[in-house]
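Visitor: Have a peek at model.cif (mmCIF, C-alpha atoms and all ligand atoms).
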data_upload
#
loop_
_atom_site.group_PDB
_atom_site.id
_atom_site.type_symbol
_atom_site.label_atom_id
_atom_site.label_comp_id
_atom_site.auth_asym_id
_atom_site.auth_seq_id
_atom_site.Cartn_x
_atom_site.Cartn_y
_atom_site.Cartn_z
ATOM 1 C CA MET A 932 -81.700 34.618 26.575
ATOM 2 C CA THR A 933 -84.505 32.156 25.998
ATOM 3 C CA ARG A 934 -86.178 32.057 22.611
ATOM 4 C CA ARG A 935 -89.253 30.161 21.520
ATOM 5 C CA ALA A 936 -89.675 28.550 18.126
ATOM 6 C CA ALA A 937 -93.249 27.822 17.096
ATOM 7 C CA CYS A 938 -95.044 26.138 14.212
ATOM 8 C CA CYS A 939 -97.540 28.023 12.017
ATOM 9 C CA CYS A 940 -100.560 27.251 14.196
ATOM 10 C CA GLY A 941 -98.729 27.723 17.481
ATOM 11 C CA LYS A 942 -99.661 24.337 18.991
ATOM 12 C CA CYS A 943 -96.056 23.142 18.946
ATOM 13 C CA THR A 944 -93.291 25.175 20.519
ATOM 14 C CA ILE A 945 -89.750 24.526 21.622
ATOM 15 C CA ASP A 946 -87.652 26.782 23.851
ATOM 16 C CA VAL A 947 -83.895 27.216 23.609
ATOM 17 C CA ASP A 948 -81.366 28.956 25.834
ATOM 18 C CA GLY A 949 -78.593 31.020 24.332
ATOM 19 C CA GLU A 950 -77.315 31.256 20.825
ATOM 20 C CA PRO A 951 -77.171 28.457 18.252
ATOM 21 C CA ALA A 952 -73.950 26.486 17.862
ATOM 22 C CA PHE A 953 -74.490 26.618 14.127
ATOM 23 C CA ASN A 954 -76.676 29.030 12.186
ATOM 24 C CA ALA A 955 -76.684 28.512 8.444
ATOM 25 C CA ILE A 956 -78.725 28.481 5.322
ATOM 26 C CA CYS A 957 -78.624 25.393 3.135
ATOM 27 C CA HIS A 958 -79.326 25.086 -0.571
ATOM 28 C CA CYS A 959 -79.696 21.291 -0.780
ATOM 29 C CA ARG A 960 -82.740 19.652 -2.371
ATOM 30 C CA ASN A 961 -83.857 18.312 0.992
ATOM 31 C CA CYS A 962 -84.012 21.799 2.522
ATOM 32 C CA LYS A 963 -85.708 23.264 -0.545
ATOM 33 C CA LYS A 964 -88.438 20.668 -0.442
ATOM 34 C CA ARG A 965 -88.802 20.759 3.339
ATOM 35 C CA THR A 966 -89.444 24.491 3.287
ATOM 36 C CA GLY A 967 -90.925 24.947 -0.171
ATOM 37 C CA SER A 968 -88.475 27.799 -0.541
ATOM 38 C CA ALA A 969 -85.194 28.596 -2.302
ATOM 39 C CA PHE A 970 -83.161 27.434 0.726
ATOM 40 C CA GLY A 971 -83.573 26.258 4.288
ATOM 41 C CA TRP A 972 -82.559 28.201 7.388
ATOM 42 C CA SER A 973 -81.160 25.633 9.782
ATOM 43 C CA THR A 974 -80.028 26.328 13.314
ATOM 44 C CA TYR A 975 -78.435 23.793 15.625
ATOM 45 C CA PHE A 976 -78.411 23.957 19.406
ATOM 46 C CA ALA A 977 -76.651 21.641 21.831
ATOM 47 C CA ASP A 978 -79.269 19.298 23.272
ATOM 48 C CA SER A 979 -78.570 20.802 26.721
ATOM 49 C CA GLN A 980 -79.830 24.189 25.429
ATOM 50 C CA VAL A 981 -83.167 22.780 24.329
ATOM 51 C CA GLY A 982 -86.214 22.594 26.586
ATOM 52 C CA ASN A 983 -89.083 20.121 26.456
ATOM 53 C CA ARG A 984 -89.988 18.817 23.033
ATOM 54 C CA PRO A 985 -93.630 19.237 22.007
ATOM 55 C CA THR A 986 -95.759 16.088 21.964
ATOM 56 C CA ASP A 987 -98.346 16.947 19.282
ATOM 57 C CA VAL A 988 -95.864 16.097 16.526
ATOM 58 C CA SER A 989 -95.204 13.291 14.080
ATOM 59 C CA VAL A 990 -91.820 12.206 12.811
ATOM 60 C CA TYR A 991 -90.596 11.752 9.259
ATOM 61 C CA GLU A 992 -87.513 9.586 8.841
ATOM 62 C CA VAL A 993 -85.134 10.799 6.147
ATOM 63 C CA GLY A 994 -82.699 8.194 4.788
ATOM 64 C CA GLY A 995 -79.812 8.578 2.407
ATOM 65 C CA SER A 996 -76.334 9.872 3.096
ATOM 66 C CA ASN A 997 -77.425 12.261 5.867
ATOM 67 C CA PRO A 998 -80.129 10.427 7.851
ATOM 68 C CA GLN A 999 -82.464 12.585 9.909
ATOM 69 C CA GLN A 1000 -85.539 12.355 12.056
ATOM 70 C CA ARG A 1001 -87.718 15.361 11.339
ATOM 71 C CA TRP A 1002 -90.628 16.295 13.578
ATOM 72 C CA PHE A 1003 -93.574 18.270 12.283
ATOM 73 C CA CYS A 1004 -96.782 19.614 13.815
ATOM 74 C CA ARG A 1005 -99.699 17.207 13.374
ATOM 75 C CA ASN A 1006 -102.092 20.124 13.032
ATOM 76 C CA CYS A 1007 -100.389 22.494 10.585
ATOM 77 C CA GLY A 1008 -97.523 20.415 9.133
ATOM 78 C CA SER A 1009 -94.718 22.843 9.937
ATOM 79 C CA THR A 1010 -91.328 21.214 10.390
ATOM 80 C CA LEU A 1011 -90.183 22.498 13.751
ATOM 81 C CA PHE A 1012 -87.112 20.475 14.750
ATOM 82 C CA TRP A 1013 -84.954 17.524 13.754
ATOM 83 C CA LYS A 1014 -82.010 15.344 14.685
ATOM 84 C CA ALA A 1015 -79.336 14.780 12.049
ATOM 85 C CA ALA A 1016 -76.830 11.926 12.267
ATOM 86 C CA ALA A 1017 -74.163 14.334 11.035
ATOM 87 C CA LEU A 1018 -74.507 16.509 14.158
ATOM 88 C CA PRO A 1019 -74.864 14.207 17.179
ATOM 89 C CA GLY A 1020 -75.748 15.871 20.476
ATOM 90 C CA HIS A 1021 -77.477 18.723 18.716
ATOM 91 C CA THR A 1022 -81.046 19.540 17.778
ATOM 92 C CA GLY A 1023 -81.816 21.263 14.519
ATOM 93 C CA ILE A 1024 -84.560 23.868 14.634
ATOM 94 C CA ALA A 1025 -86.052 25.642 11.636
ATOM 95 C CA GLY A 1026 -84.715 29.198 11.765
ATOM 96 C CA GLY A 1027 -87.934 30.689 10.428
ATOM 97 C CA CYS A 1028 -89.898 29.225 13.350
ATOM 98 C CA PHE A 1029 -88.220 31.832 15.563
ATOM 99 C CA ALA A 1030 -90.224 34.515 13.758
ATOM 100 C CA ASP A 1031 -91.530 35.942 17.050
ATOM 101 C CA ASN A 1032 -88.069 35.967 18.733
ATOM 102 C CA PRO A 1033 -85.713 36.362 15.794
ATOM 103 C CA LEU A 1034 -82.233 34.899 15.776
ATOM 104 C CA GLY A 1035 -79.198 36.760 14.523
ATOM 105 C CA ALA A 1036 -78.144 36.459 10.916
ATOM 106 C CA PRO A 1037 -76.720 33.144 9.749
ATOM 107 C CA SER A 1038 -72.930 32.956 9.569
ATOM 108 C CA ALA A 1039 -72.608 30.240 6.963
ATOM 109 C CA THR A 1040 -74.088 29.013 3.719
ATOM 110 C CA VAL A 1041 -73.809 25.327 2.831
ATOM 111 C CA SER A 1042 -74.572 23.073 -0.133
ATOM 112 C CA ASN A 1043 -73.781 26.037 -2.333
ATOM 113 C CA ASP A 1044 -73.693 23.937 -5.485
ATOM 114 C CA GLY A 1045 -77.498 23.918 -5.246
ATOM 115 C CA ARG A 1046 -77.904 27.660 -4.735
ATOM 116 C CA CYS A 1047 -80.419 29.361 -7.013
ATOM 117 C CA ALA A 1048 -78.445 31.770 -9.180
ATOM 118 C CA TRP A 1049 -80.640 34.699 -8.165
ATOM 119 C CA VAL A 1050 -79.917 34.306 -4.419
ATOM 120 C CA GLY A 1051 -77.318 36.862 -3.379
ATOM 121 C CA LEU A 1052 -75.522 36.443 -0.051
ATOM 122 C CA PRO A 1053 -73.184 38.560 2.087
ATOM 123 C CA ASN A 1054 -69.531 37.997 1.205
ATOM 124 C CA GLU A 1055 -68.523 37.569 4.849
ATOM 125 C CA TRP A 1056 -70.595 34.410 5.340
ATOM 126 C CA ARG A 1057 -68.523 31.260 5.572
ATOM 127 C CA ARG A 1058 -69.055 28.977 2.582
ATOM 128 C CA SER A 1059 -68.693 25.226 2.590
ATOM 129 C CA LEU A 1060 -69.384 22.485 0.083
HETATM 130 ZN ZN ZN B 1101 -98.827 23.711 14.147
HETATM 131 ZN ZN ZN B 1102 -79.947 21.194 3.364
#
Would you mind writing the file out in C-alpha cells?
Ligand SMILES: [Zn+2]
Ligand SMILES: [Zn+2]
Guide:
Amino acid sequence: MTRRAACCCGKCTIDVDGEPAFNAICHCRNCKKRTGSAFGWSTYFADSQVGNRPTDVSVYEVGGSNPQQRWFCRNCGSTLFWKAAALPGHTGIAGGCFADNPLGAPSATVSNDGRCAWVGLPNEWRRSL
C-alpha cells in the first residue's frame, strides 16, 4: 500500500510504500515544540520505502545529543519529514501528515519521563526511556 503524507497547504507531499518500521509517539521537549502539541507522532520508514522528496521545503538543523535535519514546507511551515542520526537509513515522517491516508496506531511511546500527566495511553504499547 502506498500512502501520501502532506503538509497543511498540500504543496509538499511524500509517498511511502508499506508500513513504517517504527511508529511511536514521543513526549520529549523537541517533539512538543515541533508540533505545538502534548507529544509528537513520529513514524520511520526505511529510505527504500520513501518516494521523491518535495523540493519546496527548507531545512532546520537540530543539534544536541540527537542531531536531526528537519524539513518543513516553505509555504505553510508544517514539518513533514526528517533524518535523525539515531536512525540511519530511515526517514522520519510526521504521523499526523498522513491525515488523508491514516496509519495504524502507534506501537510504542518514548521519552515517557516528559509525558503530560493527563495523557493516557494503551497498556499494550511498548514503553522505553
Ligand atoms: Zn505546506
Ligand atoms: Zn521526541
Visitor: Per residue of chain A within 9 Å of ligand ZN 1102 (chain B), which atom pair is closest and at what distance in Å (one decimal), using all atoms listed in the file, listed by chain and increasing number, as CSV?
Guide:
residue,atom,partner,partner_atom,distance
A:Ile956,CA,B:ZN1102,ZN,7.6
A:Cys957,CA,B:ZN1102,ZN,4.4
A:His958,CA,B:ZN1102,ZN,5.6
A:Cys959,CA,B:ZN1102,ZN,4.2
A:Arg960,CA,B:ZN1102,ZN,6.6
A:Asn961,CA,B:ZN1102,ZN,5.4
A:Cys962,CA,B:ZN1102,ZN,4.2
A:Lys963,CA,B:ZN1102,ZN,7.3
A:Arg965,CA,B:ZN1102,ZN,8.9
A:Phe970,CA,B:ZN1102,ZN,7.5
A:Gly971,CA,B:ZN1102,ZN,6.3
A:Trp972,CA,B:ZN1102,ZN,8.5
A:Ser973,CA,B:ZN1102,ZN,7.9
A:Val1041,CA,B:ZN1102,ZN,7.4
A:Ser1042,CA,B:ZN1102,ZN,6.7
Visitor: How close does chain A get to ligand ZN 1101 (chain B)? List, as JSON lines, each residue of chain A within 6 Å, its nearest atom pair and the distance in Å to one decimal, counting all atoms listed in the file.
Guide:
{"residue": "A:Cys938", "atom": "CA", "partner": "B:ZN1101", "partner_atom": "ZN", "distance": 4.5}
{"residue": "A:Cys939", "atom": "CA", "partner": "B:ZN1101", "partner_atom": "ZN", "distance": 5.0}
{"residue": "A:Cys940", "atom": "CA", "partner": "B:ZN1101", "partner_atom": "ZN", "distance": 3.9}
{"residue": "A:Gly941", "atom": "CA", "partner": "B:ZN1101", "partner_atom": "ZN", "distance": 5.2}
{"residue": "A:Lys942", "atom": "CA", "partner": "B:ZN1101", "partner_atom": "ZN", "distance": 5.0}
{"residue": "A:Cys943", "atom": "CA", "partner": "B:ZN1101", "partner_atom": "ZN", "distance": 5.6}
{"residue": "A:Cys1004", "atom": "CA", "partner": "B:ZN1101", "partner_atom": "ZN", "distance": 4.6}
{"residue": "A:Asn1006", "atom": "CA", "partner": "B:ZN1101", "partner_atom": "ZN", "distance": 5.0}
{"residue": "A:Cys1007", "atom": "CA", "partner": "B:ZN1101", "partner_atom": "ZN", "distance": 4.1}
{"residue": "A:Ser1009", "atom": "CA", "partner": "B:ZN1101", "partner_atom": "ZN", "distance": 5.9}
Visitor: Taking only C-alpha atoms into account, name the residue in A:Ala955, A:Met932, A:Ile945, A:Cys1047 that is nearest to Trp1002 (chain A).
Guide: A:Ile945
Visitor: Just give me the gap between CA of Gly967 (chain A) and CA of Phe1003 (chain A) in Å, one decimal is fine.
Guide: 14.4 Å
Visitor: Of the residues A:Val988, A:Ala937, A:Leu1018, A:Arg1001, which is the one nearest to Ala1030 (chain A), using only C-alpha atoms?
Guide: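 The shortest atom-to-atom distance to Ala1030 (chain A) comes from A:Ala937.
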Visitor: Find the distance between CA of Ala969 (chain A) and CA of Arg934 (chain A) and write it in Å to one decimal.
Guide: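 Value for the CA of Ala969 (chain A)-CA of Arg934 (chain A) distance: 25.2 Å.
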Visitor: So what do you get for CA of Thr1022 (chain A) versus CA of Asn983 (chain A), distance-wise?
Guide: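 Going from CA of Thr1022 (chain A) over to CA of Asn983 (chain A), I get 11.8 Å.
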Visitor: Show me, as a list in words, the residues that have an atom within 10 Å of Asp948 (chain A) when counting only C-alpha atoms, minus same-chain residues fewer than 4 positions from it.
Guide: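 Near Asp948 (chain A), the qualifying residues are Met932, Thr933, Arg934, Arg935, Phe976, Ala977, Ser979, Gln980, Val981 and Gly982 of chain A.
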Visitor: Name all residues at most 8 Å from Arg1058 (chain A) (count only C-alpha atoms; drop same-chain ones fewer than 4 positions away) and give them as a VMD selection string.
Guide: chain A and resid 1039 to 1041 1043
Visitor: With distances taken over only C-alpha atoms, which residue among A:Asp1044, A:Ser968, A:Gln1000, A:Phe953 lies nearest Gly1027 (chain A)?
Guide: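 The closest residue to Gly1027 (chain A) is A:Ser968.
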